[in-house]
file protein10.txt (compact mmCIF, C-alpha atoms)
# COMPACT_ATOMS: atom_id res chain seq x y z
CA MET K 1 0.00 0.00 0.00
CA ARG K 2 1.02 3.62 -0.46
CA VAL K 3 2.11 5.71 2.50
CA MET K 4 3.61 9.15 2.90
CA GLU K 5 6.44 9.02 5.41
CA ILE K 6 9.16 11.20 6.88
CA ARG K 7 12.35 9.40 5.90
CA ASP K 8 16.08 9.94 6.53
CA ASP K 9 15.82 13.32 8.27
CA TRP K 10 13.34 15.43 10.26
CA SER K 11 12.17 17.91 7.65
CA VAL K 12 9.13 18.58 5.51
CA ASP K 13 11.50 18.15 2.56
CA HIS K 14 11.95 14.51 3.55
CA ILE K 15 8.27 13.51 3.34
CA VAL K 16 8.16 11.01 0.49
CA GLU K 17 5.81 8.42 -0.95
CA ALA K 18 6.70 4.83 -0.05
CA GLN K 19 5.30 1.32 -0.07
CA ARG K 20 4.50 -0.74 3.02
CA PRO K 21 2.70 -4.07 3.46
CA GLU K 22 -1.05 -3.77 3.90
CA PRO K 23 -1.86 -4.48 7.57
CA ALA K 24 -4.19 -7.27 8.68
CA PRO K 25 -6.51 -6.56 11.63
CA GLY K 26 -5.92 -8.50 14.84
CA PRO K 27 -8.81 -10.07 16.80
CA THR K 28 -9.85 -6.76 18.42
CA GLN K 29 -8.87 -4.46 15.55
CA ILE K 30 -10.60 -2.85 12.59
CA LEU K 31 -9.00 -2.21 9.21
CA LEU K 32 -9.71 1.21 7.74
CA ARG K 33 -9.33 2.25 4.11
CA MET K 34 -8.38 5.86 4.75
CA LYS K 35 -10.42 8.42 2.81
CA ALA K 36 -9.38 11.91 3.98
CA ALA K 37 -7.10 13.71 6.41
CA THR K 38 -6.79 17.22 7.84
CA LEU K 39 -3.81 19.05 9.29
CA ASN K 40 -3.04 20.62 12.64
CA TYR K 41 -0.24 23.04 13.48
CA ARG K 42 1.19 20.15 15.47
CA ASP K 43 1.98 18.39 12.18
CA HIS K 44 4.18 21.30 11.12
CA VAL K 45 6.04 21.23 14.44
CA LEU K 46 6.43 17.46 14.47
CA VAL K 47 7.98 17.03 11.02
CA ARG K 48 10.87 19.19 12.28
CA ARG K 49 11.15 16.99 15.39
CA GLY K 50 9.85 19.92 17.39
CA TYR K 51 8.73 17.66 20.23
CA GLY K 52 12.17 16.14 20.67
CA GLY K 53 12.17 12.49 21.66
CA ARG K 54 8.38 12.52 21.83
CA SER K 55 8.25 12.95 18.05
CA GLY K 56 9.05 9.28 17.46
CA GLU K 57 11.51 7.51 15.20
CA LEU K 58 12.05 7.55 11.43
CA PRO K 59 10.60 6.49 9.11
CA LEU K 60 7.32 7.91 10.46
CA VAL K 61 3.91 8.33 8.83
CA PRO K 62 2.76 11.87 9.75
CA VAL K 63 -0.63 13.51 10.44
CA SER K 64 -2.98 12.62 13.28
CA ASP K 65 -6.46 13.43 11.90
CA GLY K 66 -8.27 11.28 9.37
CA VAL K 67 -11.31 9.19 8.54
CA GLY K 68 -11.67 5.85 6.84
CA GLU K 69 -14.13 3.16 5.90
CA VAL K 70 -14.09 -0.12 7.81
CA VAL K 71 -13.19 -2.82 5.28
CA ALA K 72 -12.43 -5.70 7.68
CA VAL K 73 -12.89 -6.50 11.37
CA GLY K 74 -11.23 -8.91 13.75
CA ALA K 75 -13.10 -11.90 15.13
CA ALA K 76 -13.71 -10.26 18.53
CA VAL K 77 -14.80 -6.83 17.26
CA THR K 78 -18.24 -5.70 18.47
CA ARG K 79 -18.11 -1.89 18.11
CA PHE K 80 -17.91 -1.72 14.30
CA LYS K 81 -19.03 -3.51 11.18
CA VAL K 82 -17.75 -3.47 7.61
CA GLY K 83 -19.00 -0.35 5.83
CA ASP K 84 -18.93 1.96 8.87
CA ARG K 85 -16.95 5.19 8.65
CA ALA K 86 -14.63 5.78 11.57
CA CYS K 87 -11.98 8.17 12.86
CA PRO K 88 -9.00 6.84 14.79
CA THR K 89 -8.62 8.72 18.07
CA PHE K 90 -5.69 11.08 18.55
CA PHE K 91 -4.58 9.34 21.77
CA GLN K 92 -4.97 5.68 20.91
CA ASP K 93 -4.68 4.62 24.58
CA TRP K 94 -6.92 7.28 26.15
CA VAL K 95 -10.38 5.74 26.24
CA SER K 96 -11.95 7.41 29.30
CA GLY K 97 -11.24 9.33 32.46
CA PRO K 98 -8.62 12.01 33.10
CA PHE K 99 -5.34 12.25 31.23
CA ARG K 100 -2.48 10.11 32.53
CA ASP K 101 1.22 10.65 32.10
CA GLY K 102 2.63 8.35 29.45
CA TRP K 103 -0.39 8.41 27.16
CA TRP K 104 1.51 10.81 24.93
CA ARG K 105 3.24 7.71 23.56
CA SER K 106 -0.02 6.73 21.84
CA GLN K 107 -0.40 9.93 19.79
CA LEU K 108 -0.98 9.39 16.09
CA GLY K 109 1.32 11.14 13.65
CA GLY K 110 4.20 10.87 16.13
CA PRO K 111 5.38 8.99 17.99
CA ARG K 112 2.96 6.42 16.45
CA ASP K 113 2.46 6.27 12.69
CA GLY K 114 -0.31 8.60 11.57
CA VAL K 115 -3.08 8.51 8.99
CA MET K 116 -1.20 9.17 5.73
CA GLN K 117 -1.50 5.55 4.65
CA GLU K 118 -4.02 3.83 2.42
CA PHE K 119 -4.94 1.20 5.02
CA MET K 120 -4.71 1.46 8.80
CA ALA K 121 -5.38 -1.16 11.49
CA VAL K 122 -6.47 0.23 14.87
CA GLU K 123 -7.97 -1.21 18.04
CA GLN K 124 -11.75 -1.01 18.08
CA ASP K 125 -11.54 0.93 21.37
CA ALA K 126 -9.33 3.54 19.67
CA ALA K 127 -11.81 4.65 17.01
CA VAL K 128 -15.24 6.31 16.83
CA ARG K 129 -18.08 6.01 14.32
CA VAL K 130 -18.84 9.35 12.63
CA PRO K 131 -22.25 10.85 11.77
CA GLY K 132 -23.48 9.98 8.31
CA PHE K 133 -24.37 13.54 7.30
CA LEU K 134 -20.73 14.69 7.43
CA THR K 135 -18.50 14.55 4.37
CA ASP K 136 -15.26 12.63 4.63
CA LEU K 137 -13.27 15.86 4.92
CA GLU K 138 -15.58 17.24 7.60
CA ALA K 139 -15.29 14.01 9.58
CA ALA K 140 -11.50 14.06 9.19
CA ALA K 141 -11.43 17.48 10.90
CA LEU K 142 -12.69 16.10 14.21
CA PRO K 143 -10.09 13.99 16.10
CA CYS K 144 -7.63 16.64 17.29
CA ALA K 145 -9.02 20.14 16.67
CA GLY K 146 -12.65 19.24 17.32
CA VAL K 147 -12.02 17.28 20.48
CA THR K 148 -9.59 19.91 21.78
CA ALA K 149 -12.17 22.68 21.36
CA TRP K 150 -14.88 20.51 22.94
CA SER K 151 -12.59 19.80 25.91
CA ALA K 152 -11.92 23.51 26.38
CA VAL K 153 -15.43 24.88 25.94
CA VAL K 154 -17.68 22.05 27.14
CA ALA K 155 -15.89 19.30 29.05
CA GLN K 156 -13.21 20.79 31.30
CA ASN K 157 -14.86 24.06 32.33
CA PRO K 158 -18.28 24.23 30.67
CA VAL K 159 -19.34 27.49 29.06
CA LYS K 160 -22.83 28.48 30.16
CA ALA K 161 -25.60 30.32 28.33
CA GLY K 162 -24.89 34.03 28.44
CA ASP K 163 -21.13 33.65 28.95
CA VAL K 164 -18.69 35.61 26.78
CA VAL K 165 -16.05 33.57 24.97
CA VAL K 166 -13.05 34.93 23.06
CA VAL K 167 -11.61 32.86 20.19
CA GLN K 168 -8.31 33.72 18.53
CA GLY K 169 -8.05 33.44 14.77
CA THR K 170 -9.99 31.30 12.32
CA GLY K 171 -8.03 28.05 12.39
CA GLY K 172 -9.53 24.67 13.16
CA VAL K 173 -9.60 24.79 16.98
CA SER K 174 -10.82 28.37 17.09
CA LEU K 175 -13.73 27.83 14.71
CA PHE K 176 -14.73 24.63 16.50
CA ALA K 177 -14.64 26.59 19.78
CA LEU K 178 -16.80 29.30 18.24
CA GLN K 179 -19.37 26.75 17.07
CA PHE K 180 -19.44 24.87 20.38
CA ALA K 181 -19.69 28.11 22.37
CA LYS K 182 -22.70 29.20 20.31
CA MET K 183 -24.17 25.72 20.82
CA GLN K 184 -23.90 26.39 24.57
CA GLY K 185 -25.66 29.75 24.23
CA ALA K 186 -22.60 31.96 24.67
CA ARG K 187 -21.71 35.31 23.16
CA VAL K 188 -18.51 35.05 21.08
CA ILE K 189 -15.83 37.65 20.36
CA ALA K 190 -13.71 36.55 17.38
CA LEU K 191 -10.20 37.86 16.72
CA SER K 192 -8.32 37.83 13.42
CA SER K 193 -5.86 39.91 11.43
CA SER K 194 -8.11 39.58 8.36
CA ASP K 195 -11.44 41.32 7.94
CA ALA K 196 -12.45 38.72 5.33
CA LYS K 197 -11.81 35.90 7.81
CA LEU K 198 -13.74 37.79 10.47
CA GLU K 199 -16.72 37.89 8.14
CA ARG K 200 -16.46 34.09 7.87
CA ALA K 201 -16.54 33.94 11.66
CA ARG K 202 -19.66 36.12 11.61
CA THR K 203 -21.45 33.58 9.39
CA LEU K 204 -20.72 30.95 12.06
CA GLY K 205 -22.34 33.08 14.74
CA ALA K 206 -19.61 35.37 16.10
CA ASP K 207 -21.26 38.32 17.86
CA HIS K 208 -18.30 40.73 17.85
CA LEU K 209 -15.38 40.94 15.42
CA VAL K 210 -11.99 42.40 16.37
CA ASN K 211 -9.09 42.87 13.96
CA TYR K 212 -6.09 42.51 16.26
CA ARG K 213 -3.75 44.25 13.80
CA ALA K 214 -5.94 47.34 13.95
CA GLU K 215 -6.42 46.89 17.71
CA PRO K 216 -3.23 45.27 19.10
CA GLU K 217 -4.37 45.99 22.67
CA TRP K 218 -7.38 43.78 22.07
CA GLY K 219 -7.61 42.87 25.74
CA ARG K 220 -8.89 46.40 26.33
CA THR K 221 -11.30 46.02 23.42
CA VAL K 222 -12.75 42.88 24.99
CA ARG K 223 -13.19 44.79 28.26
CA ARG K 224 -15.00 47.56 26.41
CA LEU K 225 -17.29 45.11 24.63
CA THR K 226 -18.19 43.55 27.98
CA ASP K 227 -18.85 46.83 29.82
CA GLY K 228 -15.58 46.56 31.69
CA VAL K 229 -16.22 43.07 33.07
CA GLY K 230 -14.08 40.95 30.75
CA ALA K 231 -14.68 37.63 29.04
CA ASP K 232 -15.68 34.51 30.94
CA HIS K 233 -13.48 32.27 28.79
CA VAL K 234 -10.58 32.86 26.40
CA VAL K 235 -9.54 30.07 24.03
CA GLU K 236 -5.81 30.76 23.86
CA VAL K 237 -4.05 29.35 20.79
CA GLY K 238 -1.33 31.98 20.33
CA GLY K 239 0.85 31.09 23.30
CA ALA K 240 3.59 33.52 24.21
CA GLY K 241 2.49 36.03 21.60
CA THR K 242 -1.02 36.51 22.97
CA LEU K 243 -1.19 35.27 26.57
CA ALA K 244 -0.63 38.69 28.14
CA GLN K 245 -3.59 40.12 26.20
CA SER K 246 -5.71 37.09 27.16
CA VAL K 247 -4.97 37.78 30.83
CA ARG K 248 -6.10 41.38 30.35
CA ALA K 249 -9.24 40.27 28.52
CA VAL K 250 -10.56 37.65 30.94
CA ARG K 251 -12.73 38.56 33.91
CA GLY K 252 -11.91 37.88 37.51
CA GLY K 253 -12.58 34.21 38.16
CA GLY K 254 -12.58 33.48 34.43
CA THR K 255 -10.78 30.78 32.47
CA ILE K 256 -8.02 30.85 29.87
CA SER K 257 -7.78 27.55 28.01
CA LEU K 258 -4.14 27.12 26.97
CA ILE K 259 -4.09 25.17 23.72
CA GLY K 260 -1.64 26.41 21.12
CA VAL K 261 1.81 27.93 20.86
CA LEU K 262 1.54 29.63 17.48
CA GLY K 263 3.28 32.72 18.84
CA GLY K 264 5.89 30.85 20.88
CA ALA K 265 6.03 28.51 23.85
CA ALA K 266 7.86 30.67 26.41
CA ALA K 267 5.76 33.54 27.73
CA GLU K 268 6.86 36.35 30.05
CA PHE K 269 4.14 38.19 31.88
CA GLY K 270 3.26 39.22 35.41
CA LEU K 271 1.53 36.56 37.48
CA GLY K 272 0.14 39.09 39.94
CA HIS K 273 -3.05 39.69 37.97
CA VAL K 274 -3.64 35.95 37.53
CA VAL K 275 -3.33 35.37 41.27
CA THR K 276 -5.21 38.40 42.55
CA GLN K 277 -8.07 37.96 40.06
CA ASN K 278 -8.37 34.20 40.62
CA ILE K 279 -7.90 33.48 36.91
CA ARG K 280 -7.81 29.83 35.90
CA LEU K 281 -5.11 28.80 33.39
CA GLN K 282 -6.25 25.43 32.06
CA GLY K 283 -4.05 23.33 29.80
CA VAL K 284 -5.95 21.41 27.13
CA THR K 285 -4.51 18.41 25.28
CA VAL K 286 -7.26 16.93 23.08
CA GLY K 287 -9.37 14.41 25.06
CA SER K 288 -10.49 10.82 25.54
CA ARG K 289 -12.43 8.57 23.19
CA ASP K 290 -15.50 8.83 25.43
CA LEU K 291 -15.31 12.63 25.25
CA PHE K 292 -14.97 12.35 21.45
CA GLU K 293 -18.21 10.36 21.35
CA ASP K 294 -19.96 12.94 23.57
CA MET K 295 -18.96 15.60 21.06
CA LEU K 296 -20.21 13.53 18.13
CA ARG K 297 -23.65 13.18 19.72
CA ALA K 298 -23.88 16.97 20.03
CA ILE K 299 -22.67 17.49 16.46
CA ASP K 300 -25.23 15.00 15.18
CA LEU K 301 -28.06 16.57 17.18
CA HIS K 302 -27.27 20.11 16.02
CA ARG K 303 -26.19 19.10 12.50
CA MET K 304 -23.05 21.14 13.03
CA ARG K 305 -20.66 21.19 10.09
CA PRO K 306 -16.89 21.52 10.68
CA VAL K 307 -15.14 24.13 8.56
CA VAL K 308 -12.61 22.84 6.01
CA ASP K 309 -10.69 25.31 3.85
CA GLU K 310 -11.55 25.51 0.15
CA LYS K 311 -7.95 24.77 -0.84
CA LEU K 312 -7.46 20.98 -0.77
CA TYR K 313 -4.33 18.91 -1.33
CA PRO K 314 -4.03 15.44 -2.86
CA PHE K 315 -2.42 12.59 -0.94
CA GLN K 316 0.96 12.99 -2.64
CA GLU K 317 1.15 16.73 -1.80
CA VAL K 318 0.77 16.50 1.98
CA ALA K 319 4.31 17.87 2.38
CA GLU K 320 3.34 21.03 0.50
CA ALA K 321 0.22 21.36 2.64
CA ILE K 322 2.29 21.13 5.83
CA ARG K 323 4.86 23.58 4.43
CA ARG K 324 2.18 26.20 3.76
CA LEU K 325 0.33 25.72 7.03
CA PRO K 326 2.21 28.39 9.05
CA GLN K 327 1.38 31.02 6.41
CA GLY K 328 -2.12 31.10 7.84
CA GLY K 329 -4.00 31.70 4.60
CA HIS K 330 -6.58 29.02 5.37
CA VAL K 331 -9.90 29.18 7.20
CA GLY K 332 -10.74 26.16 9.35
CA LYS K 333 -8.92 22.90 8.73
CA VAL K 334 -6.59 22.23 5.79
CA GLY K 335 -7.81 19.08 4.01
CA VAL K 336 -5.93 16.28 2.26
CA THR K 337 -7.88 14.08 -0.14
CA PHE K 338 -7.20 10.40 -0.73
CA ASP K 339 -8.17 8.67 -3.98
CA THR K 340 -11.22 7.16 -2.24
CA THR K 341 -12.52 10.46 -0.82
CA ASP K 342 -16.21 11.03 -1.34
CA PRO K 343 -16.78 14.83 -1.25
CA ALA K 344 -20.56 14.62 -0.89
CA PRO K 345 -22.57 14.17 2.34
CA ARG K 346 -24.09 10.76 2.89

call {"tool": "encode", "arguments": {"input": "protein10.txt", "output": "structure tokens"}}
result
Amino acid sequence: MRVMEIRDDWSVDHIVEAQRPEPAPGPTQILLRMKAATLNYRDHVLVRRGYGGRSGELPLVPVSDGVGEVVAVGAAVTRFKVGDRACPTFFQDWVSGPFRDGWWRSQLGGPRDGVMQEFMAVEQDAAVRVPGFLTDLEAAALPCAGVTAWSAVVAQNPVKAGDVVVVQGTGGVSLFALQFAKMQGARVIALSSSDAKLERARTLGADHLVNYRAEPEWGRTVRRLTDGVGADHVVEVGGAGTLAQSVRAVRGGGTISLIGVLGGAAAEFGLGHVVTQNIRLQGVTVGSRDLFEDMLRAIDLHRMRPVVDEKLYPFQEVAEAIRRLPQGGHVGKVGVTFDTTDPAPR
């Protein structure tokens, strides 16, 4: 079978097409014919071995998020049948409960082989069945970005009706967070450097739009939009580049969900305000399979459609897709199409 793998050296320039034997499912495994994938900023970091020893060993199949069709099942499989569509979970070992140290070893796309392979055998407990109304690309957007946003907005510190939520940018996690916050009845303030992208956020329900290039002190803008109170929840994906403004924007007793490090991983800011205002800094690292299934039930009920950028890449051009990811020209998730991708809803 065809795979795309990082070979010889840790670099996007060393992602090449290769051949590997087609896997056979074990007694408790399902075999997926992969149909679509989507990218996360993590994929860009990982191909440069940005997570050090946690990145895995070469050769490595990259990319954590994908969807496939079940084409074979092991003799003891009860959760799936041939013909189902399923997403492998990001943490293959995290089925339920709180996160445990060591589960990082089960991350797809490094250190474990990811989804850029034509066929993939996974344990039945490490996959979820996806709603039939979603396209393959929409379903492929869910495992990392979708579950991360659900963890932040709904599972770890639930947003309530009437709360104010700030989302940064229009990437995958941020737009999922926007959609889930609106599902919860919240008021959403969306930030972006692009007025055109902000208009896209408006179509998804954003109540206030802030161009952070025009208003670099956007923490003050959030305060103004909330009559001086501040936001109840900030979904922080910028890291060092934006955390200080997030601290200024959040209300006393509010939550900042720390997710991304797009603007750097080492932040310098005063902790006094965090302590004296009882601000909660909550780290978010995706979520369990059970949490994934909770999210899918809500998506199915509300017929919520994940946002995938119009620009798609074929299987063989995943390296180019990863190379362009930091440029930030996309809206939502960047999609990669396999030969078997069905672009229409079922």

call {"tool": "atom_distance", "arguments": {"input": "protein10.txt", "atom1": "CA of Phe292 in chain K", "atom2": "CA of Phe315 in chain K"}}
result
25.7 Å

call {"tool": "closest_residue", "arguments": {"input": "protein10.txt", "among": "K:Arg223, K:Lys311, K:Lys81, K:Arg42", "to": "Asp65 in chain K", "atoms": "all atoms listed in the file"}}
result
K:Arg42

call {"tool": "closest_residue", "arguments": {"input": "protein10.txt", "among": "K:Met116, K:Ala126, K:Val67, K:Leu225", "to": "Val95 in chain K", "atoms": "all atoms listed in the file"}}
result
K:Ala126

call {"tool": "residues_around", "arguments": {"input": "protein10.txt", "residues": "Arg187 in chain K", "least_positions_apart": "5", "cutoff": "12 Å", "atoms": "all atoms listed in the file", "output": "list of chain:residue names"}}
result
K:Val159, K:Lys160, K:Ala161, K:Gly162, K:Asp163, K:Val164, K:Val165, K:Val166, K:Val167, K:Ala177, K:Leu178, K:Gln179, K:Phe180, K:Ala181, K:Lys182, K:Arg202, K:Leu204, K:Gly205, K:Ala206, K:Asp207, K:His208, K:Leu209, K:Val222, K:Leu225, K:Thr226, K:Ala231, K:Asp232, K:His233, K:Val234

call {"tool": "axis_aligned_box", "arguments": {"input": "protein10.txt", "around": "range 235-252 of chain K", "padding_each_side": "3 Å", "output": "AutoDock Vina command-line options"}}
result
--center_x -4.6 --center_y 35.4 --center_z 28.9 --size_x 22.3 --size_y 18.0 --size_z 23.2

call {"tool": "atom_distance", "arguments": {"input": "protein10.txt", "atom1": "CA of Gly109 in chain K", "atom2": "CA of Gly329 in chain K"}}
result
23.1 Å

call {"tool": "closest_residue", "arguments": {"input": "protein10.txt", "among": "K:Arg33, K:Arg305, K:Arg129, K:His44", "to": "Asp13 in chain K", "atoms": "all atoms listed in the file"}}
result
K:His44

call {"tool": "closest_residue", "arguments": {"input": "protein10.txt", "among": "K:Arg280, K:Glu320, K:Leu32, K:Arg297", "to": "Asn157 in chain K", "atoms": "all atoms listed in the file"}}
result
K:Arg280

call {"tool": "closest_atom_pairs", "arguments": {"input": "protein10.txt", "of": "range 34-136 of chain K", "to": "range 22-27 of chain K", "cutoff": "7 Å", "atoms": "only C-alpha atoms", "output": "tab-separated table"}}
result
residue	atom	partner	partner_atom	distance
K:Val73	CA	K:Pro25	CA	6.4
K:Gly74	CA	K:Pro27	CA	4.1
K:Ala75	CA	K:Pro27	CA	5.0
K:Ala76	CA	K:Pro27	CA	5.2
K:Val77	CA	K:Pro27	CA	6.8
K:Phe119	CA	K:Glu22	CA	6.4
K:Met120	CA	K:Pro23	CA	6.7
K:Ala121	CA	K:Pro25	CA	5.5

call {"tool": "write_last_selection", "arguments": {"input": "protein10.txt", "atoms": "C-alpha atoms", "output": "CSV table (one decimal), in the coordinates of the input"}}
result
chain,number,residue,atom,x,y,z
K,73,VAL,CA,-12.9,-6.5,11.4
K,74,GLY,CA,-11.2,-8.9,13.8
K,75,ALA,CA,-13.1,-11.9,15.1
K,76,ALA,CA,-13.7,-10.3,18.5
K,77,VAL,CA,-14.8,-6.8,17.3
K,119,PHE,CA,-4.9,1.2,5.0
K,120,MET,CA,-4.7,1.5,8.8
K,121,ALA,CA,-5.4,-1.2,11.5

call {"tool": "atom_distance", "arguments": {"input": "protein10.txt", "atom1": "CA of Arg49 in chain K", "atom2": "CA of Leu108 in chain K"}}
result
14.3 Å

call {"tool": "decode", "arguments": {"input": "protein10.txt", "residues": "range 315-335 of chain K", "atoms": "N, CA and C atoms", "output": "PDB file, in the first residue's frame"}}
result
ATOM      1  N   PHE K 315      -3.235  13.450  -1.794  1.00  0.00           N
ATOM      2  CA  PHE K 315      -2.421  12.587  -0.939  1.00  0.00           C
ATOM      3  C   PHE K 315      -0.924  12.836  -1.117  1.00  0.00           C
ATOM      4  N   GLN K 316      -0.464  12.881  -2.367  1.00  0.00           N
ATOM      5  CA  GLN K 316       0.965  12.992  -2.635  1.00  0.00           C
ATOM      6  C   GLN K 316       1.542  14.362  -2.284  1.00  0.00           C
ATOM      7  N   GLU K 317       0.674  15.378  -2.056  1.00  0.00           N
ATOM      8  CA  GLU K 317       1.151  16.735  -1.796  1.00  0.00           C
ATOM      9  C   GLU K 317       0.993  17.147  -0.336  1.00  0.00           C
ATOM     10  N   VAL K 318       0.929  16.158   0.569  1.00  0.00           N
ATOM     11  CA  VAL K 318       0.769  16.500   1.978  1.00  0.00           C
ATOM     12  C   VAL K 318       1.951  17.317   2.487  1.00  0.00           C
ATOM     13  N   ALA K 319       3.157  17.084   1.954  1.00  0.00           N
ATOM     14  CA  ALA K 319       4.313  17.872   2.378  1.00  0.00           C
ATOM     15  C   ALA K 319       4.114  19.345   2.057  1.00  0.00           C
ATOM     16  N   GLU K 320       3.596  19.639   0.867  1.00  0.00           N
ATOM     17  CA  GLU K 320       3.343  21.030   0.500  1.00  0.00           C
ATOM     18  C   GLU K 320       2.281  21.648   1.389  1.00  0.00           C
ATOM     19  N   ALA K 321       1.263  20.863   1.744  1.00  0.00           N
ATOM     20  CA  ALA K 321       0.217  21.360   2.637  1.00  0.00           C
ATOM     21  C   ALA K 321       0.799  21.716   4.003  1.00  0.00           C
ATOM     22  N   ILE K 322       1.661  20.865   4.534  1.00  0.00           N
ATOM     23  CA  ILE K 322       2.287  21.126   5.829  1.00  0.00           C
ATOM     24  C   ILE K 322       3.216  22.333   5.734  1.00  0.00           C
ATOM     25  N   ARG K 323       3.943  22.455   4.622  1.00  0.00           N
ATOM     26  CA  ARG K 323       4.862  23.580   4.434  1.00  0.00           C
ATOM     27  C   ARG K 323       4.118  24.915   4.448  1.00  0.00           C
ATOM     28  N   ARG K 324       2.939  24.942   3.862  1.00  0.00           N
ATOM     29  CA  ARG K 324       2.184  26.198   3.761  1.00  0.00           C
ATOM     30  C   ARG K 324       1.356  26.515   5.006  1.00  0.00           C
ATOM     31  N   LEU K 325       1.214  25.543   5.884  1.00  0.00           N
ATOM     32  CA  LEU K 325       0.327  25.717   7.035  1.00  0.00           C
ATOM     33  C   LEU K 325       0.651  26.947   7.873  1.00  0.00           C
ATOM     34  N   PRO K 326       1.923  27.224   8.202  1.00  0.00           N
ATOM     35  CA  PRO K 326       2.209  28.395   9.048  1.00  0.00           C
ATOM     36  C   PRO K 326       1.885  29.732   8.390  1.00  0.00           C
ATOM     37  N   GLN K 327       1.697  29.758   7.082  1.00  0.00           N
ATOM     38  CA  GLN K 327       1.380  31.019   6.414  1.00  0.00           C
ATOM     39  C   GLN K 327       0.013  31.552   6.809  1.00  0.00           C
ATOM     40  N   GLY K 328      -0.850  30.673   7.286  1.00  0.00           N
ATOM     41  CA  GLY K 328      -2.125  31.099   7.842  1.00  0.00           C
ATOM     42  C   GLY K 328      -3.144  31.597   6.843  1.00  0.00           C
ATOM     43  N   GLY K 329      -3.027  31.234   5.580  1.00  0.00           N
ATOM     44  CA  GLY K 329      -4.002  31.702   4.601  1.00  0.00           C
ATOM     45  C   GLY K 329      -5.311  30.954   4.625  1.00  0.00           C
ATOM     46  N   HIS K 330      -5.385  29.871   5.368  1.00  0.00           N
ATOM     47  CA  HIS K 330      -6.576  29.019   5.370  1.00  0.00           C
ATOM     48  C   HIS K 330      -7.611  29.497   6.391  1.00  0.00           C
ATOM     49  N   VAL K 331      -8.823  28.985   6.226  1.00  0.00           N
ATOM     50  CA  VAL K 331      -9.899  29.184   7.203  1.00  0.00           C
ATOM     51  C   VAL K 331     -10.389  27.803   7.605  1.00  0.00           C
ATOM     52  N   GLY K 332     -10.365  27.495   8.894  1.00  0.00           N
ATOM     53  CA  GLY K 332     -10.736  26.163   9.346  1.00  0.00           C
ATOM     54  C   GLY K 332      -9.590  25.193   9.143  1.00  0.00           C
ATOM     55  N   LYS K 333      -9.934  23.943   8.875  1.00  0.00           N
ATOM     56  CA  LYS K 333      -8.923  22.899   8.725  1.00  0.00           C
ATOM     57  C   LYS K 333      -8.444  22.801   7.277  1.00  0.00           C
ATOM     58  N   VAL K 334      -7.160  22.489   7.106  1.00  0.00           N
ATOM     59  CA  VAL K 334      -6.588  22.225   5.788  1.00  0.00           C
ATOM     60  C   VAL K 334      -6.798  20.743   5.486  1.00  0.00           C
ATOM     61  N   GLY K 335      -7.433  20.445   4.345  1.00  0.00           N
ATOM     62  CA  GLY K 335      -7.807  19.083   4.011  1.00  0.00           C
ATOM     63  C   GLY K 335      -6.874  18.427   3.011  1.00  0.00           C
TER      64      GLY K 335
END
